[in-house]
file work34.csv (CSV, C-alpha atoms and all ligand atoms)
chain,number,residue,atom,x,y,z
R,16,MET,CA,-10.9,24.7,-46.1
R,17,ASP,CA,-11.1,27.1,-43.2
R,18,LEU,CA,-14.4,28.1,-41.7
R,19,ILE,CA,-14.5,31.6,-43.1
R,20,ARG,CA,-13.8,30.4,-46.7
R,21,SER,CA,-16.3,27.6,-46.3
R,22,THR,CA,-19.0,29.9,-45.1
R,23,THR,CA,-18.3,32.3,-47.9
R,24,VAL,CA,-18.6,29.6,-50.5
R,25,PHE,CA,-21.8,28.4,-49.0
R,26,LEU,CA,-23.3,31.8,-49.0
R,27,CYS,CA,-22.2,32.4,-52.6
R,28,LEU,CA,-23.6,29.1,-53.8
R,29,SER,CA,-26.8,29.7,-51.9
R,30,SER,CA,-27.0,33.1,-53.5
R,31,ILE,CA,-26.7,31.6,-57.0
R,32,ALA,CA,-29.2,28.9,-56.4
R,33,PHE,CA,-31.9,30.9,-54.7
R,34,SER,CA,-31.6,34.6,-54.8
R,35,GLN,CA,-32.0,35.5,-58.4
R,36,GLU,CA,-35.0,34.2,-60.3
R,37,SER,CA,-33.3,35.2,-63.6
R,38,MET,CA,-30.2,33.2,-62.7
R,39,ASP,CA,-30.3,30.2,-65.0
R,40,PHE,CA,-27.4,28.4,-63.4
R,41,ASP,CA,-29.1,26.1,-61.1
R,42,LEU,CA,-27.7,24.1,-58.2
R,43,ASP,CA,-29.6,21.2,-56.7
R,44,PRO,CA,-31.3,22.6,-53.6
R,45,ASP,CA,-31.0,19.2,-52.0
R,46,LEU,CA,-27.3,19.6,-52.0
R,47,LEU,CA,-27.3,22.7,-49.9
R,48,PRO,CA,-28.9,23.9,-46.7
R,49,ARG,CA,-31.6,26.6,-46.9
R,50,PRO,CA,-30.2,29.7,-48.4
R,51,LEU,CA,-29.1,33.0,-46.9
R,52,ILE,CA,-29.4,35.7,-49.4
R,53,ILE,CA,-26.1,37.5,-49.7
R,54,GLU,CA,-24.9,39.4,-52.8
R,55,PHE,CA,-21.4,38.4,-53.3
R,56,SER,CA,-20.2,40.4,-56.3
R,57,GLU,CA,-20.3,43.8,-54.6
R,58,SER,CA,-17.6,42.9,-52.1
R,59,ARG,CA,-14.4,41.7,-53.7
R,60,LEU,CA,-14.2,43.5,-57.0
R,61,LYS,CA,-14.4,46.8,-55.1
R,62,ASN,CA,-11.3,45.8,-53.3
R,63,MET,CA,-9.4,44.8,-56.4
R,64,SER,CA,-7.1,47.4,-57.9
R,65,ASP,CA,-7.9,48.6,-61.4
R,66,ASP,CA,-4.6,47.1,-62.6
R,67,ILE,CA,-5.4,43.7,-61.3
R,68,LEU,CA,-9.0,43.9,-62.6
R,69,MET,CA,-7.7,44.9,-66.1
R,70,HIS,CA,-5.0,42.3,-66.0
R,71,CYS,CA,-7.4,39.5,-65.0
R,72,THR,CA,-10.0,40.5,-67.5
R,73,SER,CA,-7.4,40.5,-70.2
R,74,TRP,CA,-6.2,37.1,-69.1
R,75,ARG,CA,-9.8,35.7,-69.2
R,76,VAL,CA,-10.4,37.2,-72.7
R,77,ALA,CA,-7.1,35.5,-73.8
R,78,VAL,CA,-8.4,32.2,-72.4
R,79,GLU,CA,-11.7,32.4,-74.2
R,80,ALA,CA,-10.1,33.5,-77.4
R,81,ASN,CA,-7.7,30.5,-77.3
R,82,ASN,CA,-4.7,32.8,-77.3
R,83,LEU,CA,-2.9,31.2,-74.3
R,84,GLY,CA,-0.6,28.2,-74.3
R,85,PRO,CA,-1.5,25.3,-72.1
R,86,TRP,CA,-2.0,26.4,-68.5
R,87,LYS,CA,-2.5,24.3,-65.3
R,88,THR,CA,-3.9,26.8,-62.8
R,89,ILE,CA,-5.4,30.2,-62.9
R,90,PRO,CA,-3.0,33.1,-62.0
R,91,ASN,CA,-2.7,33.6,-58.3
R,92,GLU,CA,-3.6,37.2,-58.5
R,93,CYS,CA,-6.8,36.4,-60.4
R,94,ALA,CA,-8.2,34.0,-57.8
R,95,ASP,CA,-10.8,36.5,-56.5
R,96,TYR,CA,-11.5,37.7,-60.0
R,97,VAL,CA,-12.3,34.2,-61.3
R,98,LYS,CA,-14.4,33.4,-58.2
R,99,ASP,CA,-16.4,36.6,-58.6
R,100,TYR,CA,-16.9,35.9,-62.3
R,101,MET,CA,-18.1,32.4,-61.7
R,102,LEU,CA,-20.4,33.3,-58.7
R,103,GLY,CA,-21.6,36.6,-59.9
R,104,ARG,CA,-24.0,37.3,-62.8
R,105,ALA,CA,-21.3,37.5,-65.6
R,106,TYR,CA,-20.8,33.8,-66.1
R,107,ASN,CA,-24.5,33.1,-66.4
R,108,VAL,CA,-25.0,36.1,-68.8
R,109,ASP,CA,-22.2,34.8,-71.0
R,110,LEU,CA,-23.7,31.3,-71.0
R,111,GLU,CA,-27.1,32.7,-71.9
R,112,LYS,CA,-25.6,34.6,-74.8
R,113,VAL,CA,-23.9,31.5,-76.2
R,114,SER,CA,-27.1,29.5,-75.8
R,115,LYS,CA,-29.2,32.2,-77.6
R,116,GLU,CA,-26.8,32.6,-80.5
R,117,SER,CA,-26.5,28.9,-80.9
R,118,GLY,CA,-30.2,28.7,-81.0
R,119,ILE,CA,-30.5,31.4,-83.7
R,120,TYR,CA,-27.9,29.5,-85.8
R,121,ALA,CA,-29.7,26.2,-85.3
R,122,ASN,CA,-33.0,27.7,-86.4
R,123,SER,CA,-31.4,29.2,-89.5
R,124,LEU,CA,-30.4,25.8,-90.8
R,125,GLU,CA,-32.4,23.7,-93.1
R,126,LEU,CA,-32.4,20.1,-92.1
R,127,ARG,CA,-32.4,17.4,-94.7
R,128,GLY,CA,-35.0,15.3,-93.0
R,129,ASP,CA,-33.0,12.1,-93.2
R,130,GLY,CA,-32.2,12.1,-89.5
R,131,MET,CA,-28.5,12.7,-90.0
R,132,ASP,CA,-28.1,16.3,-89.0
R,133,ALA,CA,-26.4,16.3,-85.7
R,134,TRP,CA,-25.4,18.6,-82.8
R,135,VAL,CA,-22.5,17.6,-80.6
R,136,PHE,CA,-22.4,18.6,-77.0
R,137,ASP,CA,-19.6,18.2,-74.5
R,138,ILE,CA,-20.8,17.4,-71.0
R,139,ASP,CA,-18.7,19.0,-68.2
R,140,GLU,CA,-19.1,22.7,-67.9
R,141,THR,CA,-21.3,22.5,-71.0
R,142,LEU,CA,-24.4,20.6,-70.1
R,143,ILE,CA,-23.8,20.1,-66.4
R,144,SER,CA,-21.6,22.0,-64.0
R,145,ASN,CA,-18.8,21.1,-61.6
R,146,LEU,CA,-18.8,24.5,-60.0
R,147,PRO,CA,-19.6,23.0,-56.5
R,148,TYR,CA,-16.4,20.9,-56.8
R,149,TYR,CA,-14.3,23.9,-58.0
R,150,SER,CA,-15.7,26.1,-55.3
R,151,ASP,CA,-14.0,23.7,-52.9
R,152,HIS,CA,-10.8,23.8,-54.9
R,153,GLY,CA,-10.1,27.5,-55.5
R,154,TYR,CA,-11.9,27.9,-58.8
R,155,GLY,CA,-8.9,26.6,-60.7
R,156,LEU,CA,-6.2,27.9,-58.3
R,157,GLU,CA,-5.3,24.3,-57.2
R,158,THR,CA,-3.6,21.9,-59.6
R,159,PHE,CA,-6.1,19.4,-61.0
R,160,ASN,CA,-6.4,16.3,-58.9
R,161,ASN,CA,-7.8,13.4,-60.9
R,162,ALA,CA,-8.6,11.2,-57.9
R,163,GLN,CA,-10.5,13.9,-56.1
R,164,PHE,CA,-12.4,15.0,-59.2
R,165,ASP,CA,-13.3,11.4,-60.0
R,166,LYS,CA,-14.8,11.1,-56.5
R,167,TRP,CA,-16.9,14.2,-57.2
R,168,ILE,CA,-18.0,12.9,-60.6
R,169,LEU,CA,-19.1,9.5,-59.1
R,170,GLU,CA,-21.5,11.4,-56.8
R,171,GLY,CA,-23.5,12.1,-59.9
R,172,VAL,CA,-24.8,15.4,-58.6
R,173,SER,CA,-23.4,17.9,-61.1
R,174,PRO,CA,-26.2,20.5,-61.5
R,175,VAL,CA,-27.7,21.5,-64.8
R,176,ILE,CA,-26.5,24.5,-66.8
R,177,LYS,CA,-29.9,25.9,-67.7
R,178,PRO,CA,-29.0,27.9,-70.8
R,179,SER,CA,-27.5,24.7,-72.3
R,180,LEU,CA,-30.6,22.7,-71.4
R,181,LYS,CA,-32.6,25.3,-73.2
R,182,LEU,CA,-30.4,25.0,-76.3
R,183,TYR,CA,-30.5,21.2,-76.0
R,184,GLU,CA,-34.3,21.2,-76.0
R,185,GLU,CA,-34.4,23.6,-79.0
R,186,VAL,CA,-32.1,21.6,-81.2
R,187,LEU,CA,-34.0,18.4,-80.2
R,188,ARG,CA,-37.2,20.1,-81.1
R,189,LEU,CA,-35.8,21.2,-84.5
R,190,GLY,CA,-34.9,17.5,-85.3
R,191,PHE,CA,-31.2,17.4,-84.8
R,192,LYS,CA,-29.7,14.1,-83.5
R,193,ILE,CA,-27.9,14.8,-80.2
R,194,ILE,CA,-24.4,13.4,-79.8
R,195,LEU,CA,-22.7,13.7,-76.4
R,196,LEU,CA,-18.9,13.5,-76.7
R,197,THR,CA,-17.1,13.7,-73.4
R,198,GLY,CA,-13.5,13.2,-72.1
R,199,ARG,CA,-15.0,11.2,-69.1
R,200,ASN,CA,-13.8,7.6,-69.1
R,201,GLU,CA,-16.1,4.8,-70.0
R,202,ASP,CA,-16.3,3.6,-66.4
R,203,LYS,CA,-18.3,6.7,-65.7
R,204,ARG,CA,-21.0,5.9,-68.2
R,205,ASN,CA,-23.7,4.9,-65.7
R,206,VAL,CA,-23.2,7.7,-63.3
R,207,THR,CA,-23.0,10.1,-66.3
R,208,VAL,CA,-26.4,8.9,-67.6
R,209,THR,CA,-27.9,9.2,-64.2
R,210,ASN,CA,-26.6,12.6,-63.6
R,211,LEU,CA,-27.6,13.9,-67.1
R,212,THR,CA,-31.1,12.4,-66.7
R,213,HIS,CA,-31.5,14.0,-63.3
R,214,ALA,CA,-30.3,17.3,-64.8
R,215,GLY,CA,-33.1,17.2,-67.4
R,216,TYR,CA,-31.4,15.6,-70.4
R,217,HIS,CA,-33.4,12.7,-71.6
R,218,THR,CA,-32.7,12.0,-75.2
R,219,TRP,CA,-29.5,11.5,-77.2
R,220,ASP,CA,-28.4,9.3,-80.1
R,221,LYS,CA,-24.9,8.6,-78.9
R,222,LEU,CA,-23.0,9.0,-75.6
R,223,ILE,CA,-19.3,8.7,-76.4
R,224,LEU,CA,-16.8,8.4,-73.6
R,225,ARG,CA,-13.1,7.6,-73.5
R,226,GLY,CA,-12.4,3.9,-73.9
R,227,GLU,CA,-9.3,2.1,-72.8
R,228,ASN,CA,-7.4,2.9,-76.0
R,229,ASP,CA,-8.2,6.6,-75.7
R,230,ARG,CA,-6.6,7.2,-72.3
R,231,GLU,CA,-3.3,8.7,-73.6
R,232,LYS,CA,-4.9,10.9,-76.3
R,233,SER,CA,-5.3,14.6,-76.0
R,234,ALA,CA,-8.9,15.8,-75.9
R,235,THR,CA,-8.4,17.4,-79.3
R,236,ALA,CA,-7.1,14.1,-80.8
R,237,PHE,CA,-9.8,11.9,-79.1
R,238,LYS,CA,-12.7,14.2,-80.0
R,239,SER,CA,-11.4,14.7,-83.6
R,240,GLU,CA,-11.2,10.9,-84.0
R,241,LYS,CA,-14.7,10.4,-82.7
R,242,ARG,CA,-16.1,13.2,-84.9
R,243,LYS,CA,-14.5,11.5,-87.9
R,244,GLU,CA,-16.2,8.2,-87.0
R,245,ILE,CA,-19.5,10.0,-86.6
R,246,THR,CA,-19.2,11.7,-90.0
R,247,GLU,CA,-18.2,8.4,-91.5
R,248,GLU,CA,-21.5,7.0,-90.3
R,249,GLY,CA,-23.2,9.6,-92.4
R,250,PHE,CA,-23.9,12.2,-89.7
R,251,ARG,CA,-23.5,15.9,-90.6
R,252,ILE,CA,-22.2,17.7,-87.6
R,253,ARG,CA,-23.9,21.1,-88.0
R,254,GLY,CA,-23.2,22.4,-84.5
R,255,ASN,CA,-20.9,21.7,-81.6
R,256,SER,CA,-21.0,23.2,-78.1
R,257,GLY,CA,-18.1,22.9,-75.6
R,258,ASP,CA,-16.4,24.9,-72.9
R,259,GLN,CA,-12.9,23.9,-74.1
R,260,TRP,CA,-11.3,24.7,-77.4
R,261,SER,CA,-10.2,21.0,-77.5
R,262,ASP,CA,-14.0,20.2,-77.8
R,263,LEU,CA,-14.2,22.2,-80.9
R,264,THR,CA,-10.9,22.3,-82.8
R,265,GLY,CA,-9.0,19.6,-84.6
R,266,THR,CA,-10.4,17.7,-87.6
R,267,SER,CA,-13.9,16.7,-88.7
R,268,SER,CA,-15.1,19.9,-87.0
R,269,ALA,CA,-18.7,21.0,-87.0
R,270,SER,CA,-20.0,23.5,-89.5
R,271,ARG,CA,-20.1,25.9,-86.6
R,272,SER,CA,-18.8,25.7,-83.1
R,273,PHE,CA,-19.8,27.5,-80.0
R,274,LYS,CA,-17.5,28.1,-77.1
R,275,LEU,CA,-18.9,28.3,-73.6
R,276,SER,CA,-17.0,30.3,-71.1
R,277,ASN,CA,-14.7,28.5,-68.6
R,278,PRO,CA,-11.9,30.4,-67.0
R,279,MET,CA,-11.3,27.7,-64.3
R,280,TYR,CA,-9.3,25.1,-66.2
R,281,HIS,CA,-7.7,24.2,-69.5
R,282,ILE,CA,-7.8,20.8,-71.2
R,283,PRO,CA,-5.5,20.4,-74.2
R,301,MG,MG,-16.2,20.4,-70.8
call {"tool": "encode", "arguments": {"input": "work34.csv", "output": "structure tokens", "more": "lines below"}}
Ligand SMILES: [Mg+2]
result
Amino acid sequence: MDLIRSTTVFLCLSSIAFSQESMDFDLDPDLLPRPLIIEFSESRLKNMSDDILMHCTSWRVAVEANNLGPWKTIPNECADYVKDYMLGRAYNVDLEKVSKESGIYANSLELRGDGMDAWVFDIDETLISNLPYYSDHGYGLETFNNAQFDKWILEGVSPVIKPSLKLYEEVLRLGFKIILLTGRNEDKRNVTVTNLTHAGYHTWDKLILRGENDREKSATAFKSEKRKEITEEGFRIRGNSGDQWSDLTGTSSASRSFKLSNPMYHIP
């Protein structure tokens, strides 16, 4: 990463973490030097042509609506657009909306009181964020590198996604059992628990990671299988929150699923 880009990313992340009290996407202040307050979003979108802006907005809507086939990287021409979306206010506003609507739905449900009403959460880009990693890797412009990403995960410093923490606390208060279902491999269990705890998540009934036999399965297949096992145990999956359609679709689906925004990567 060259110096200019590095500086830009630092300023942007600092801006997210410290400049807006309303900004619920929180980065660990220990990870970054003291902030300089710079507003990022004014700059790049102004330089983007209307055609590119419209094209990239359309692309992002198609991503979120699950209308695209499998994709490996974001479109080159949308690099600045995705960066701006992630670092500006829009991403957080979208996450707040999902959290709020999920909470309204959760509150509308009548729980049976037998302790078997459950809410499933994905982890990455749902409860905690890997945006610091992706800021170093083009916000999805680079092809995914498993080894490098694993190294980041093992640091265990993925910051909390505050709107999701709020929803988590609400469904917990309402009496749902929390089930965490992640595509992370089993060997990341300890660091995942540490990271989640540090991020503010303290209670769950199950934390399900990929075992040895799950390695080759698509996320959709793996998560469907695990949801089936959960329901066979007697749990009723009333809600499911995830940033990938593969968290939500397949079989043994939740009564209602909530898709968090993520234009940076696609997991089939
Ligand atoms: Mg995820």
call {"tool": "residues_near_ligand", "arguments": {"input": "work34.csv", "ligand": "ligand MG 301 (chain R)", "cutoff": "8 Å", "atoms": "all atoms listed in the file", "output": "PDB file with C-alpha atoms, in the frame of the given file"}}
result
ATOM      1  CA  ASP R 137     -19.600  18.200 -74.500  1.00  0.00           C
ATOM      2  CA  ILE R 138     -20.800  17.400 -71.000  1.00  0.00           C
ATOM      3  CA  ASP R 139     -18.700  19.000 -68.200  1.00  0.00           C
ATOM      4  CA  GLU R 140     -19.100  22.700 -67.900  1.00  0.00           C
ATOM      5  CA  THR R 141     -21.300  22.500 -71.000  1.00  0.00           C
ATOM      6  CA  THR R 197     -17.100  13.700 -73.400  1.00  0.00           C
ATOM      7  CA  GLY R 198     -13.500  13.200 -72.100  1.00  0.00           C
ATOM      8  CA  GLY R 257     -18.100  22.900 -75.600  1.00  0.00           C
ATOM      9  CA  ASP R 258     -16.400  24.900 -72.900  1.00  0.00           C
ATOM     10  CA  GLN R 259     -12.900  23.900 -74.100  1.00  0.00           C
ATOM     11  CA  ASP R 262     -14.000  20.200 -77.800  1.00  0.00           C
TER      12      ASP R 262
END
call {"tool": "closest_residue", "arguments": {"input": "work34.csv", "among": "R:Asn160, R:Ile176, R:Ala105, R:Ile194", "to": "Ser144 of chain R", "atoms": "only C-alpha atoms"}}
result
R:Ile176
call {"tool": "closest_residue", "arguments": {"input": "work34.csv", "among": "R:Gly254, R:Gly226, R:Gly249, R:Pro283", "to": "Leu182 of chain R", "atoms": "all atoms listed in the file"}}
result
R:Gly254
call {"tool": "residues_around", "arguments": {"input": "work34.csv", "residues": "Arg242 of chain R", "least_positions_apart": "2", "cutoff": "10 Å", "atoms": "all atoms listed in the file", "output": "list of chain:residue names"}}
result
R:Val135, R:Ile194, R:Leu196, R:Ala236, R:Phe237, R:Lys238, R:Ser239, R:Glu240, R:Glu244, R:Ile245, R:Thr246, R:Glu247, R:Glu248, R:Phe250, R:Arg251, R:Ile252, R:Gly265, R:Thr266, R:Ser267, R:Ser268, R:Ala269
call {"tool": "residues_around", "arguments": {"input": "work34.csv", "residues": "Trp86 of chain R", "least_positions_apart": "5", "cutoff": "12 Å", "atoms": "all atoms listed in the file", "output": "ChimeraX atom specification"}}
result
/R:74,77-78,81,155-159,278-283
call {"tool": "atom_distance", "arguments": {"input": "work34.csv", "atom1": "atom CA of Thr212 of chain R", "atom2": "atom CA of Glu111 of chain R"}}
result
21.3 Å
call {"tool": "atom_distance", "arguments": {"input": "work34.csv", "atom1": "atom CA of Glu185 of chain R", "atom2": "atom CA of Tyr106 of chain R"}}
result
21.3 Å
call {"tool": "atom_distance", "arguments": {"input": "work34.csv", "atom1": "atom CA of Asp65 of chain R", "atom2": "atom CA of Ser276 of chain R"}}
result
22.6 Å
call {"tool": "closest_residue", "arguments": {"input": "work34.csv", "among": "R:Cys93, R:Asp220, R:Lys115, R:Thr209", "to": "Ile67 of chain R", "atoms": "all atoms listed in the file"}}
result
R:Cys93
call {"tool": "closest_residue", "arguments": {"input": "work34.csv", "among": "R:Asn122, R:Asn161, R:Ser64, R:Ser272", "to": "Arg199 of chain R", "atoms": "all atoms listed in the file"}}
result
R:Asn161
call {"tool": "residues_around", "arguments": {"input": "work34.csv", "residues": "His213 of chain R", "least_positions_apart": "5", "cutoff": "10 Å", "atoms": "only C-alpha atoms", "output": "list in words"}}
result
Asp43, Gly171, Val172, Ser173, Pro174, Val175, Thr207 and Val208 of chain R
call {"tool": "closest_residue", "arguments": {"input": "work34.csv", "among": "R:Asp165, R:Glu79, R:Glu116, R:Glu170", "to": "Asn277 of chain R", "atoms": "only C-alpha atoms"}}
result
R:Glu79
call {"tool": "closest_residue", "arguments": {"input": "work34.csv", "among": "R:Phe136, R:Tyr120, R:Trp167, R:Tyr154", "to": "Asn255 of chain R", "atoms": "only C-alpha atoms"}}
result
R:Phe136
